[in-house]
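Here is the structure we will look at.
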Amino acid sequence: MPHSNHFDVIVIGSGPGGEGAAMGLTKAGLNVAIIEKESSVGGGCTHWGTSPSKALRQAVRRIIEFNSNPLFCQNNKSIHSTFSNILGHAKSVIDKQTRLRQGFYDRNQCTLVFGTARFIDTNT
């Protein structure tokens, strides 16, 4: 569907709620734009909330599990990582999530506008 300056629906924010609404509406045949204030899609969940915190927690948990496993401890092997390395891992998880989510918008021909938006009244 070719995009124009007219949209049937404009969704503010590409977090889980905005993404779900936009994808459902585009699949229903509506011309949808989504406004995102960050430089890539995903909202707070992807950039500083759920995804990064889970990636950090999981990386640390795996290091602790490895270092406390008797199979590895008896050979005096252990893993040590810097906070910077663990943050780098979290960033790679975030990057992967944003690429995945960007693909949803591309495949469904949902127009992305990077900037801010607000409601002025009921219909504007």
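Going through the structure tokens in order, the chains are called A, B, and so on, while each chain numbers its residues from 1 and the ligands are numbered from 1 in the order shown.
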(request) Name all residues at most 10 Å from Gly18 in chain A (count only C-alpha atoms; drop same-chain ones fewer than 6 positions away) and give them as a ChimeraX atom specification. (result) /A:10-12,24,34-36,42-43
Could you turn the residues from that selection into a file that holds C-alpha atoms, as a PDB file, in the first residue's frame?
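The file below, selection-v6.pdb, is the result:
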ATOM      1  CA  ILE A  10      -1.371   7.561  14.099  1.00  0.00           C
ATOM      2  CA  VAL A  11       0.065   5.626  17.020  1.00  0.00           C
ATOM      3  CA  ILE A  12       2.299   7.379  19.549  1.00  0.00           C
ATOM      4  CA  GLY A  24      -2.959  -5.094  14.092  1.00  0.00           C
ATOM      5  CA  ILE A  34       3.779   5.353  14.360  1.00  0.00           C
ATOM      6  CA  ILE A  35       5.620   8.194  16.079  1.00  0.00           C
ATOM      7  CA  GLU A  36       8.703   7.233  18.115  1.00  0.00           C
ATOM      8  CA  GLY A  42      11.084  -0.687  20.696  1.00  0.00           C
ATOM      9  CA  GLY A  43      10.158   1.856  23.329  1.00  0.00           C
TER      10      GLY A  43
END
(message) What's around Gly44 in chain A at 9 Å? Count only C-alpha atoms, leave out sequence neighbours fewer than 6 positions away in its own chain, and write the answer as a list of chain:residue names.
(response) A:Ser14, A:Gly15, A:Thr50
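Straight-line separation from CA of Thr82 in chain A to CA of Lys96 in chain A: 21.6 Å.
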(request) Return as an NGL selection string the full set of residues in chain A whose backbone-based DSSP assignment is strand (DSSP E). (result) :A and (9-12 or 32-36 or 111-114)
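Relative to CA of Asn67 in chain A, CA of Asn85 in chain A is found at 17.1 Å.
Of note, CA of Ile86 in chain A and CA of Lys37 in chain A are spaced 26.6 Å apart.
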